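Below is one structure, written out as structure tokens; comments come after it.
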Number of protein chains: 2
Amino acid sequence: MPEAIYSPGLEGVIAAETRISFLDTEQEEIVIRGYNLLELIRKASFVEVVGLLLDERLPSAERRAELERAMVEAIVPPVVYEILRKLPASMHAMDRLRTAVSALAAGDSEANSAHPESEHRRAPRIIGQVAQIVANLSHIAQGEKPEAFSPNYSFAENFLRAIVRRDVSSHETRAFEQSLIAYIEHELPNSTFAARVVASTLADAYGALTSAVASLKGPLHGGANEAVMHMLLEARTPDGLEQLMRDKLVRKERIMGFGHRVYMRRMDPRAQLLKEVLHTLIQAKGNGYIYADMCQRGEDIMRTEKGLYPNLDYYAAPVYYLLDIPIELYTPIFFAARTAGLMAHIIEQHQENRLYRPRVIYTGPRGLKL
Amino acid sequence: MPEAIYSPGLEGVIAAETRISFLDTEQEEIVIRGYNLLELIRKASFVEVVGLLLDERLPSAERRAELERAMVEAIVPPVVYEILRKLPASMHAMDRLRTAVSALAAGDSEANSAHPESEHRRAPRIIGQVAQIVANLSHIAQGEKPEAFSPNYSFAENFLRAIVRRDVSSHETRAFEQSLIAYIEHELPNSTFAARVVASTLADAYGALTSAVASLKGPLHGGANEAVMHMLLEARTPDGLEQLMRDKLVRKERIMGFGHRVYMRRMDPRAQLLKEVLHTLIQAKGNGYIYADMCQRGEDIMRTEKGLYPNLDYYAAPVYYLLDIPIELYTPIFFAARTAGLMAHIIEQHQENRLYRPRVIYTGPRGLKL
């Protein structure tokens, strides 16, 4: 075995070469296929960024229309909804989503192929299927009929309409779409790493995506946006939040929505942008000012007391709340957006594959006899 | 970011400290909680090794009985069999298994807990549930009723009886049990690494196990035992196998069942032992000699031509074939056995956790503007 240094959690260890994205912590820039993610959130549509991730360049108008059609018109195999109907409503939404994404393979005659071309071809369909499944998770759990997507609306508008089952305004759609772009891709977080590890056995996209759902369920990873919203609802007012946070700080409890392994003590640029999105949404709706005030108070306290800055989940939570999205869908929506980045990583892994198979330091006993 | 060397596939990189197992490539010994795996295969029962993995010591007679009871009497939630009935029989057995393992969370009121005590408590039940699901994968796909386990038989005998739906002899049970012990734990292969990566988000055991199924489906990992059997059946005779292998070698095609990342050019000690198990089984049954002859021929050719030695899958395949096990269950059985090792790893990961979050080398463009 070569000499090796052990870094718990592989912190600072390089685990992949990628042309997809990079967190430049020096320049505090999130790079997606060469573009600054913040610029993409400000100026691009979700479908354009999907095209950028899959094709390695921004799509032409024609390609964009083709992608949007494939995503909007993707059909969820009926067996997937039948399975979701069988699962108890008390089951965690991410467990239901994990089971549904695994079952999606049932509808794909190429399910066992890990060929990059086959995966590139099916990627827009899978992104559309996952969004429809996520939009319908709560409806089906309540015994209601799944909502279908319609060719009359954009992908982002379809996704939001299917969740909230009402007409949505253009500023609501844009706020939702911007959150989707903010979540779309983020280098090598645990879920993307898990997907690449699984894909490196030449397992197909369904298995790799299922593993990413499993990872995102973890409280240290994807569950933060939901935890933030529960905290804001419990606090009710800026003073309430201050009290709640100071109590948690005294008890040395973890406060969700702050800090990030890679950003360290700096602010997540996506959080800054979602803060702007929140403010714009509140202005347009003319209500929800209290959430902006609470979030600002929480941000000030954590910066002063702990030197910690909010991450994306901290500001995505009140945006979703003001859009009337059920809280149990916040993490599933994160996954639905991230499916695009994950498909790019799975394809890249299969293009130049090397099986992940690290070693251990053994600290147990030796030489025991039966 | 600290300076880091990039090793594709994390080859030679230490990714975990563990007290569970170690592949000592110098002494060619597979260490399981201090014991030599070969000694465990020769002398212990599967349930004893489950106890060793979970409790860090060999179980007392009382603990052994308790474990066996929990494994044999574990109840698969009816919803899991209902879901399997919904899935098309044409779906890959590992895709059906992955979906079923994900759905297992539906039957566990503690499903969201990643607490080591809670996971230690449910581990024997999950091992029993997974074995029952695996034993019934093909039956349910054929529209037949699932077989239940019975307190009248050992865990290993129950597992084999439920698969083949007939009385089994003691030498058949022992051969099957020895294969299960051979597969039970193997340090940090891709599937175990995937499970630990996912578990490190504090996701629960169901998500981590689901990821391991996804990984094991990959042709570079778990599918080898099935590929070996298809090759032997295609070849039909030792001469046929020689011809088939030489043709593959000329065409530079991969021949499954040989070589292993960590053993390099040495023989997998488990393969040597399963070769003995195969010979004992053939003697006891009085048939199947041709598979021993074919395997020997293939072993000789690969050693001479490529300097490669067989791995465990190479000799597990004909053992399973002579036990009348459907080929599509070979990889699911590998997973059912490995569930014990995986539960030990998931518990260990949660006991002293650090989120896996490595970094990348970015090789794409920079500075593009919209």
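Residues are referred to by chain and number: the chain letter is A, B, ... according to the order shown in the structure tokens, the number counts from 1 in that chain, and ligands are numbered separately from 1 in the order shown.
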For stretch 338-343 of chain B, please output as a VMD selection string all residues within 10 Å (counting only C-alpha atoms; exclusion window: fewer than 5 positions along the same chain).
chain B and resid 20 to 21 32 46 to 47 49 to 54 116 119 to 120 122 to 124 126 to 128 130 to 131 180 to 188 191 to 193 195 to 196 205 to 206 208 to 209 212 to 213 332 to 333 348 to 349
Restricting it to N, CA and C atoms, dump the selection as a tab-separated table (two decimals), in the first residue's frame.
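Resulting contents of part06.tsv:
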chain	number	residue	atom	x	y	z
B	20	ILE	N	-13.33	-3.06	12.24
B	20	ILE	CA	-14.15	-4.17	11.74
B	20	ILE	C	-13.34	-5.19	10.97
B	21	SER	N	-12.61	-4.75	9.96
B	21	SER	CA	-11.90	-5.73	9.14
B	21	SER	C	-10.75	-5.07	8.40
B	32	ILE	N	-11.15	-10.27	10.34
B	32	ILE	CA	-12.50	-9.83	10.72
B	32	ILE	C	-12.54	-9.76	12.24
B	46	PHE	N	-22.85	-18.82	10.23
B	46	PHE	CA	-23.10	-17.46	9.75
B	46	PHE	C	-23.56	-16.56	10.90
B	47	VAL	N	-24.46	-17.09	11.72
B	47	VAL	CA	-24.99	-16.28	12.82
B	47	VAL	C	-23.88	-15.90	13.81
B	49	VAL	N	-20.79	-15.28	13.08
B	49	VAL	CA	-20.01	-14.19	12.49
B	49	VAL	C	-20.82	-12.89	12.49
B	50	VAL	N	-22.15	-13.00	12.32
B	50	VAL	CA	-22.99	-11.80	12.47
B	50	VAL	C	-22.80	-11.22	13.87
B	51	GLY	N	-22.84	-12.09	14.89
B	51	GLY	CA	-22.64	-11.64	16.28
B	51	GLY	C	-21.28	-10.99	16.46
B	52	LEU	N	-20.26	-11.62	15.90
B	52	LEU	CA	-18.90	-11.07	15.98
B	52	LEU	C	-18.84	-9.67	15.37
B	53	LEU	N	-19.47	-9.51	14.22
B	53	LEU	CA	-19.44	-8.21	13.54
B	53	LEU	C	-20.19	-7.15	14.34
B	54	LEU	N	-21.35	-7.51	14.86
B	54	LEU	CA	-22.18	-6.51	15.54
B	54	LEU	C	-21.70	-6.22	16.95
B	116	PRO	N	-26.50	4.84	17.03
B	116	PRO	CA	-25.87	3.51	16.99
B	116	PRO	C	-26.64	2.46	17.79
B	119	GLU	N	-29.57	1.36	15.82
B	119	GLU	CA	-29.16	0.57	14.66
B	119	GLU	C	-28.65	-0.81	15.06
B	120	HIS	N	-27.98	-0.87	16.21
B	120	HIS	CA	-27.51	-2.17	16.70
B	120	HIS	C	-28.70	-3.07	17.01
B	122	ARG	N	-31.74	-2.96	15.64
B	122	ARG	CA	-32.50	-3.43	14.48
B	122	ARG	C	-31.68	-4.21	13.48
B	123	ALA	N	-30.36	-4.25	13.66
B	123	ALA	CA	-29.51	-4.90	12.66
B	123	ALA	C	-29.90	-6.36	12.40
B	124	PRO	N	-30.07	-7.22	13.44
B	124	PRO	CA	-30.43	-8.62	13.13
B	124	PRO	C	-31.76	-8.71	12.37
B	126	ILE	N	-32.99	-6.47	10.27
B	126	ILE	CA	-32.77	-6.06	8.87
B	126	ILE	C	-32.07	-7.18	8.10
B	127	ILE	N	-31.08	-7.84	8.73
B	127	ILE	CA	-30.38	-8.94	8.05
B	127	ILE	C	-31.38	-10.04	7.68
B	128	GLY	N	-32.29	-10.36	8.60
B	128	GLY	CA	-33.30	-11.37	8.33
B	128	GLY	C	-34.29	-10.92	7.26
B	130	VAL	N	-33.74	-8.73	4.81
B	130	VAL	CA	-33.08	-8.69	3.49
B	130	VAL	C	-32.97	-10.11	2.93
B	131	ALA	N	-32.61	-11.09	3.78
B	131	ALA	CA	-32.51	-12.48	3.29
B	131	ALA	C	-33.86	-12.96	2.77
B	180	LEU	N	-21.92	-17.67	2.37
B	180	LEU	CA	-22.42	-16.45	3.03
B	180	LEU	C	-21.34	-15.85	3.92
B	181	ILE	N	-20.61	-16.70	4.65
B	181	ILE	CA	-19.55	-16.17	5.52
B	181	ILE	C	-18.43	-15.57	4.65
B	182	ALA	N	-18.13	-16.22	3.53
B	182	ALA	CA	-17.09	-15.68	2.64
B	182	ALA	C	-17.46	-14.29	2.14
B	183	TYR	N	-18.75	-14.05	1.94
B	183	TYR	CA	-19.21	-12.74	1.42
B	183	TYR	C	-19.50	-11.74	2.53
B	184	ILE	N	-19.44	-12.11	3.79
B	184	ILE	CA	-20.06	-11.30	4.85
B	184	ILE	C	-19.41	-9.93	5.07
B	185	GLU	N	-18.10	-9.83	4.81
B	185	GLU	CA	-17.42	-8.56	5.14
B	185	GLU	C	-16.06	-8.55	4.46
B	186	HIS	N	-15.66	-7.38	3.96
B	186	HIS	CA	-14.43	-7.34	3.17
B	186	HIS	C	-13.81	-5.95	3.16
B	187	GLU	N	-13.70	-5.35	4.33
B	187	GLU	CA	-13.03	-4.06	4.51
B	187	GLU	C	-13.81	-2.93	3.83
B	188	LEU	N	-13.24	-2.29	2.80
B	188	LEU	CA	-13.88	-1.09	2.24
B	188	LEU	C	-14.04	-1.16	0.72
B	191	SER	N	-19.07	-0.77	-2.36
B	191	SER	CA	-20.41	-0.74	-1.75
B	191	SER	C	-20.36	-0.33	-0.28
B	192	THR	N	-19.36	-0.82	0.44
B	192	THR	CA	-19.22	-0.46	1.85
B	192	THR	C	-18.82	1.01	1.98
B	193	PHE	N	-17.93	1.45	1.07
B	193	PHE	CA	-17.54	2.86	1.07
B	193	PHE	C	-18.75	3.74	0.78
B	195	ALA	N	-21.85	3.09	1.38
B	195	ALA	CA	-22.72	3.09	2.56
B	195	ALA	C	-22.18	4.03	3.63
B	196	ARG	N	-20.86	4.04	3.84
B	196	ARG	CA	-20.27	4.91	4.86
B	196	ARG	C	-20.36	6.38	4.44
B	205	ALA	N	-29.78	3.77	8.42
B	205	ALA	CA	-29.27	2.55	7.81
B	205	ALA	C	-29.97	2.21	6.49
B	206	TYR	N	-31.26	2.52	6.37
B	206	TYR	CA	-31.97	2.13	5.15
B	206	TYR	C	-31.38	2.83	3.92
B	208	ALA	N	-28.31	4.07	3.67
B	208	ALA	CA	-26.94	3.60	3.45
B	208	ALA	C	-26.96	2.22	2.78
B	209	LEU	N	-27.84	1.32	3.22
B	209	LEU	CA	-27.94	-0.01	2.62
B	209	LEU	C	-28.42	0.07	1.18
B	212	ALA	N	-25.64	0.80	-1.02
B	212	ALA	CA	-24.77	-0.36	-1.21
B	212	ALA	C	-25.35	-1.31	-2.27
B	213	VAL	N	-26.66	-1.49	-2.28
B	213	VAL	CA	-27.28	-2.30	-3.34
B	213	VAL	C	-27.00	-1.65	-4.70
B	332	PRO	N	-27.79	-10.60	-5.53
B	332	PRO	CA	-28.61	-10.31	-4.34
B	332	PRO	C	-28.18	-11.12	-3.10
B	333	ILE	N	-27.78	-12.38	-3.28
B	333	ILE	CA	-27.32	-13.17	-2.12
B	333	ILE	C	-26.02	-12.59	-1.55
B	348	GLU	N	-20.49	1.88	13.05
B	348	GLU	CA	-19.17	2.46	13.37
B	348	GLU	C	-19.06	3.88	12.83
B	349	GLN	N	-19.57	4.11	11.63
B	349	GLN	CA	-19.53	5.46	11.04
B	349	GLN	C	-20.28	6.45	11.92
Which residues come within 10 Å of A:Glu48, counting only C-alpha atoms, excluding same-chain residues fewer than 3 positions away, as a PyMOL selection string?
chain A and resi 40+43-45+51-54+57-61+63-65+67-68+181
Selected residues, N, CA, C and O atoms, written as a compact mmCIF listing (two decimals), in the first residue's frame, please.
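Written out: out03.txt:
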# COMPACT_ATOMS: atom_id res chain seq x y z
N LEU A 40 -25.72 33.21 -13.50
CA LEU A 40 -26.74 32.30 -14.04
C LEU A 40 -28.05 32.45 -13.28
O LEU A 40 -29.13 32.47 -13.88
N LYS A 43 -29.60 35.80 -14.47
CA LYS A 43 -29.98 36.06 -15.88
C LYS A 43 -30.51 34.87 -16.65
O LYS A 43 -31.10 35.05 -17.72
N ALA A 44 -30.26 33.64 -16.19
CA ALA A 44 -30.62 32.48 -17.03
C ALA A 44 -31.89 31.81 -16.52
O ALA A 44 -32.35 32.05 -15.42
N SER A 45 -32.45 30.97 -17.39
CA SER A 45 -33.57 30.13 -16.95
C SER A 45 -33.01 28.80 -16.44
O SER A 45 -31.87 28.43 -16.76
N GLY A 51 -29.16 22.75 -19.78
CA GLY A 51 -28.46 22.56 -21.05
C GLY A 51 -26.96 22.78 -20.89
O GLY A 51 -26.14 22.01 -21.41
N LEU A 52 -26.59 23.83 -20.16
CA LEU A 52 -25.17 24.12 -19.92
C LEU A 52 -24.50 22.94 -19.22
O LEU A 52 -23.40 22.52 -19.60
N LEU A 53 -25.17 22.40 -18.22
CA LEU A 53 -24.57 21.28 -17.47
C LEU A 53 -24.43 20.04 -18.35
O LEU A 53 -23.40 19.37 -18.32
N LEU A 54 -25.46 19.73 -19.13
CA LEU A 54 -25.44 18.49 -19.91
C LEU A 54 -24.58 18.60 -21.16
O LEU A 54 -23.88 17.65 -21.52
N ARG A 57 -22.21 23.65 -22.85
CA ARG A 57 -22.33 25.02 -23.36
C ARG A 57 -23.79 25.44 -23.28
O ARG A 57 -24.68 24.59 -23.24
N LEU A 58 -24.02 26.75 -23.26
CA LEU A 58 -25.39 27.24 -23.18
C LEU A 58 -26.15 26.78 -24.42
O LEU A 58 -25.61 26.79 -25.52
N PRO A 59 -27.40 26.37 -24.24
CA PRO A 59 -28.15 25.82 -25.37
C PRO A 59 -28.59 26.92 -26.35
O PRO A 59 -28.87 28.04 -25.94
N SER A 60 -28.68 26.55 -27.62
CA SER A 60 -29.31 27.40 -28.63
C SER A 60 -30.81 27.45 -28.32
O SER A 60 -31.31 26.66 -27.52
N ALA A 61 -31.53 28.37 -28.97
CA ALA A 61 -32.98 28.47 -28.75
C ALA A 61 -33.65 27.14 -29.06
O ALA A 61 -34.55 26.69 -28.35
N ARG A 63 -32.26 24.02 -29.05
CA ARG A 63 -31.91 23.01 -28.06
C ARG A 63 -32.66 23.27 -26.75
O ARG A 63 -33.11 22.36 -26.07
N ARG A 64 -32.78 24.55 -26.42
CA ARG A 64 -33.50 24.91 -25.20
C ARG A 64 -34.95 24.45 -25.26
O ARG A 64 -35.47 23.89 -24.29
N ALA A 65 -35.58 24.66 -26.40
CA ALA A 65 -36.97 24.23 -26.57
C ALA A 65 -37.07 22.71 -26.49
O ALA A 65 -38.00 22.16 -25.89
N LEU A 67 -35.06 20.66 -24.88
CA LEU A 67 -34.86 20.24 -23.49
C LEU A 67 -36.11 20.48 -22.67
O LEU A 67 -36.54 19.61 -21.90
N GLU A 68 -36.68 21.68 -22.83
CA GLU A 68 -37.85 22.02 -22.02
C GLU A 68 -39.00 21.06 -22.34
O GLU A 68 -39.70 20.60 -21.43
N ILE A 181 -32.08 27.15 -9.63
CA ILE A 181 -30.74 27.35 -10.21
C ILE A 181 -29.69 27.39 -9.09
O ILE A 181 -28.60 26.84 -9.22
Surrounding residues of A:Leu233 excluding itself and chain neighbours under 5 positions, 10 Å, only C-alpha atoms, as a PyMOL selection string
chain A and resi 228+240-241+291+318+321
Just list as an MDAnalysis selection string whatever in stretch 194-296 of chain A DSSP marks as alpha helix (DSSP H).
chainID A and resid 194:199 205:216 224:235 238:250 269:285 289:296
What does the file look like for those residues with C-alpha atoms, as a tab-separated table (two decimals), in the first residue's frame?
chain	number	residue	atom	x	y	z
A	194	ALA	CA	-21.99	9.30	-3.25
A	195	ALA	CA	-23.47	9.30	-6.77
A	196	ARG	CA	-19.99	9.27	-8.36
A	197	VAL	CA	-18.78	6.51	-6.02
A	198	VAL	CA	-21.74	4.32	-6.99
A	199	ALA	CA	-21.49	5.26	-10.68
A	205	ALA	CA	-27.93	6.54	-13.33
A	206	TYR	CA	-30.93	5.25	-11.36
A	207	GLY	CA	-28.72	3.63	-8.71
A	208	ALA	CA	-26.42	6.65	-8.52
A	209	LEU	CA	-29.36	9.07	-8.17
A	210	THR	CA	-31.00	6.85	-5.53
A	211	SER	CA	-27.79	7.05	-3.48
A	212	ALA	CA	-27.82	10.83	-3.76
A	213	VAL	CA	-31.37	10.95	-2.36
A	214	ALA	CA	-30.23	8.70	0.50
A	215	SER	CA	-27.35	11.08	1.22
A	216	LEU	CA	-29.46	14.25	0.99
A	224	ALA	CA	-31.20	21.98	6.73
A	225	ASN	CA	-33.75	24.01	4.74
A	226	GLU	CA	-36.61	22.23	6.52
A	227	ALA	CA	-34.97	22.63	9.93
A	228	VAL	CA	-34.56	26.39	9.32
A	229	MET	CA	-38.26	26.80	8.53
A	230	HIS	CA	-39.34	24.89	11.62
A	231	MET	CA	-37.09	27.16	13.67
A	232	LEU	CA	-38.57	30.34	12.10
A	233	LEU	CA	-42.12	29.09	12.68
A	234	GLU	CA	-41.33	28.20	16.28
A	235	ALA	CA	-39.73	31.62	16.86
A	238	PRO	CA	-37.43	38.51	15.46
A	239	ASP	CA	-37.33	38.74	19.26
A	240	GLY	CA	-38.55	35.16	19.50
A	241	LEU	CA	-35.80	34.02	17.16
A	242	GLU	CA	-33.16	35.91	19.11
A	243	GLN	CA	-34.33	34.24	22.33
A	244	LEU	CA	-34.45	30.80	20.71
A	245	MET	CA	-30.98	31.17	19.20
A	246	ARG	CA	-29.39	32.49	22.38
A	247	ASP	CA	-30.90	29.54	24.29
A	248	LYS	CA	-29.48	27.13	21.73
A	249	LEU	CA	-26.08	28.84	21.88
A	250	VAL	CA	-26.00	28.52	25.68
A	269	PRO	CA	-22.72	33.66	-2.25
A	270	ARG	CA	-25.92	31.74	-3.02
A	271	ALA	CA	-27.30	32.77	0.37
A	272	GLN	CA	-26.65	36.42	-0.42
A	273	LEU	CA	-28.52	36.04	-3.70
A	274	LEU	CA	-31.46	34.13	-2.18
A	275	LYS	CA	-31.70	36.90	0.41
A	276	GLU	CA	-32.26	39.32	-2.48
A	277	VAL	CA	-34.79	36.90	-4.01
A	278	LEU	CA	-36.64	36.78	-0.68
A	279	HIS	CA	-36.78	40.56	-0.48
A	280	THR	CA	-38.00	40.88	-4.08
A	281	LEU	CA	-40.68	38.25	-3.48
A	282	ILE	CA	-41.87	39.97	-0.29
A	283	GLN	CA	-42.08	43.32	-2.12
A	284	ALA	CA	-44.08	41.79	-4.97
A	285	LYS	CA	-46.44	39.90	-2.67
A	289	TYR	CA	-41.89	41.11	5.84
A	290	ILE	CA	-41.55	39.42	9.21
A	291	TYR	CA	-39.51	36.56	7.68
A	292	ALA	CA	-37.01	39.01	6.23
A	293	ASP	CA	-36.75	40.68	9.64
A	294	MET	CA	-36.34	37.36	11.46
A	295	CYS	CA	-33.69	36.14	9.04
A	296	GLN	CA	-31.75	39.39	9.36
Selection near A:Tyr35, 8 Å with only C-alpha atoms, sequence-local residues under 3 positions removed, as a PyMOL selection string:
(chain A and resi 31-32+39-40) or (chain B and resi 366-370)
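The neighbours of B:Arg85 here are the residues that come within 7 Å of it, using only C-alpha atoms and leaving out any residue fewer than 2 positions away in the same chain; they are B:Tyr81, B:Glu82, B:Ile83, B:Leu87, B:Ile140, B:Ala141.
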Residues from last step as file, all heavy atoms, as a PDB file, in the first residue's frame:
ATOM      1  N   TYR B  81     -43.476  -6.494  -0.026  1.00  0.00           N
ATOM      2  CA  TYR B  81     -43.854  -7.518  -1.009  1.00  0.00           C
ATOM      3  C   TYR B  81     -44.874  -6.973  -2.013  1.00  0.00           C
ATOM      4  O   TYR B  81     -44.844  -7.319  -3.195  1.00  0.00           O
ATOM      5  CB  TYR B  81     -44.407  -8.761  -0.300  1.00  0.00           C
ATOM      6  CG  TYR B  81     -43.338  -9.615   0.362  1.00  0.00           C
ATOM      7  CD1 TYR B  81     -43.588 -10.297   1.548  1.00  0.00           C
ATOM      8  CD2 TYR B  81     -42.073  -9.766  -0.213  1.00  0.00           C
ATOM      9  CE1 TYR B  81     -42.615 -11.090   2.150  1.00  0.00           C
ATOM     10  CE2 TYR B  81     -41.098 -10.552   0.390  1.00  0.00           C
ATOM     11  CZ  TYR B  81     -41.373 -11.208   1.566  1.00  0.00           C
ATOM     12  OH  TYR B  81     -40.408 -11.989   2.150  1.00  0.00           O
ATOM     13  N   GLU B  82     -45.765  -6.089  -1.545  1.00  0.00           N
ATOM     14  CA  GLU B  82     -46.734  -5.487  -2.484  1.00  0.00           C
ATOM     15  C   GLU B  82     -46.003  -4.681  -3.558  1.00  0.00           C
ATOM     16  O   GLU B  82     -46.358  -4.723  -4.732  1.00  0.00           O
ATOM     17  CB  GLU B  82     -47.714  -4.572  -1.737  1.00  0.00           C
ATOM     18  CG  GLU B  82     -48.750  -5.337  -0.922  1.00  0.00           C
ATOM     19  CD  GLU B  82     -49.529  -4.416   0.014  1.00  0.00           C
ATOM     20  OE1 GLU B  82     -49.726  -3.225  -0.314  1.00  0.00           O
ATOM     21  OE2 GLU B  82     -49.923  -4.886   1.110  1.00  0.00           O
ATOM     22  N   ILE B  83     -44.980  -3.952  -3.134  1.00  0.00           N
ATOM     23  CA  ILE B  83     -44.206  -3.158  -4.094  1.00  0.00           C
ATOM     24  C   ILE B  83     -43.481  -4.081  -5.068  1.00  0.00           C
ATOM     25  O   ILE B  83     -43.469  -3.852  -6.279  1.00  0.00           O
ATOM     26  CB  ILE B  83     -43.232  -2.226  -3.336  1.00  0.00           C
ATOM     27  CG1 ILE B  83     -44.014  -1.068  -2.726  1.00  0.00           C
ATOM     28  CG2 ILE B  83     -42.110  -1.731  -4.245  1.00  0.00           C
ATOM     29  CD1 ILE B  83     -43.216  -0.194  -1.793  1.00  0.00           C
ATOM     30  N   LEU B  87     -43.591  -4.301  -9.417  1.00  0.00           N
ATOM     31  CA  LEU B  87     -42.461  -4.055 -10.330  1.00  0.00           C
ATOM     32  C   LEU B  87     -42.448  -5.104 -11.439  1.00  0.00           C
ATOM     33  O   LEU B  87     -42.725  -6.273 -11.201  1.00  0.00           O
ATOM     34  CB  LEU B  87     -41.144  -4.089  -9.555  1.00  0.00           C
ATOM     35  CG  LEU B  87     -40.967  -2.957  -8.535  1.00  0.00           C
ATOM     36  CD1 LEU B  87     -39.713  -3.177  -7.696  1.00  0.00           C
ATOM     37  CD2 LEU B  87     -40.899  -1.598  -9.226  1.00  0.00           C
ATOM     38  N   ILE B 140     -41.645 -13.927  -6.434  1.00  0.00           N
ATOM     39  CA  ILE B 140     -42.640 -12.865  -6.608  1.00  0.00           C
ATOM     40  C   ILE B 140     -42.679 -12.399  -8.060  1.00  0.00           C
ATOM     41  O   ILE B 140     -43.749 -12.147  -8.614  1.00  0.00           O
ATOM     42  CB  ILE B 140     -42.351 -11.697  -5.631  1.00  0.00           C
ATOM     43  CG1 ILE B 140     -42.582 -12.178  -4.193  1.00  0.00           C
ATOM     44  CG2 ILE B 140     -43.231 -10.495  -5.944  1.00  0.00           C
ATOM     45  CD1 ILE B 140     -42.209 -11.174  -3.131  1.00  0.00           C
ATOM     46  N   ALA B 141     -41.513 -12.326  -8.705  1.00  0.00           N
ATOM     47  CA  ALA B 141     -41.482 -11.916 -10.117  1.00  0.00           C
ATOM     48  C   ALA B 141     -42.268 -12.903 -10.976  1.00  0.00           C
ATOM     49  O   ALA B 141     -42.815 -12.534 -12.015  1.00  0.00           O
ATOM     50  CB  ALA B 141     -40.041 -11.807 -10.602  1.00  0.00           C
TER      51      ALA B 141
END
Taking 3 positions as the minimum chain separation for residues in the same chain, which residues sit within 6 Å of A:Leu10 when counting only C-alpha atoms? Answer as a ChimeraX atom specification.
/A:7,13 /B:356,358
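Relative to atom CA of B:Gly364, atom CA of A:Asn311 is found at 25.3 Å.
In this model, the gap between atom CA of A:Arg125 and atom CA of A:Met71 comes to 5.2 Å.
Excluding B:Leu220 itself and any same-chain residue fewer than 4 positions from it, the protein and nucleic acid residues within 10 Å of it, counting only C-alpha atoms, are Ser200, Thr201, Leu202, Ala203, Arg354 and Leu355 of chain A; Asn190, Ser215, Leu216, Ala224 and Met256 of chain B.
The space separating atom CA of A:Ile325 from atom CA of A:Phe176 comes to 10.2 Å.
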When DSSP is applied to the backbone of this structure, which of stretch 210-325 of chain A are assigned strand (DSSP E or B)? Write them out as a VMD selection string.
chain A and resid 258 260 264 310
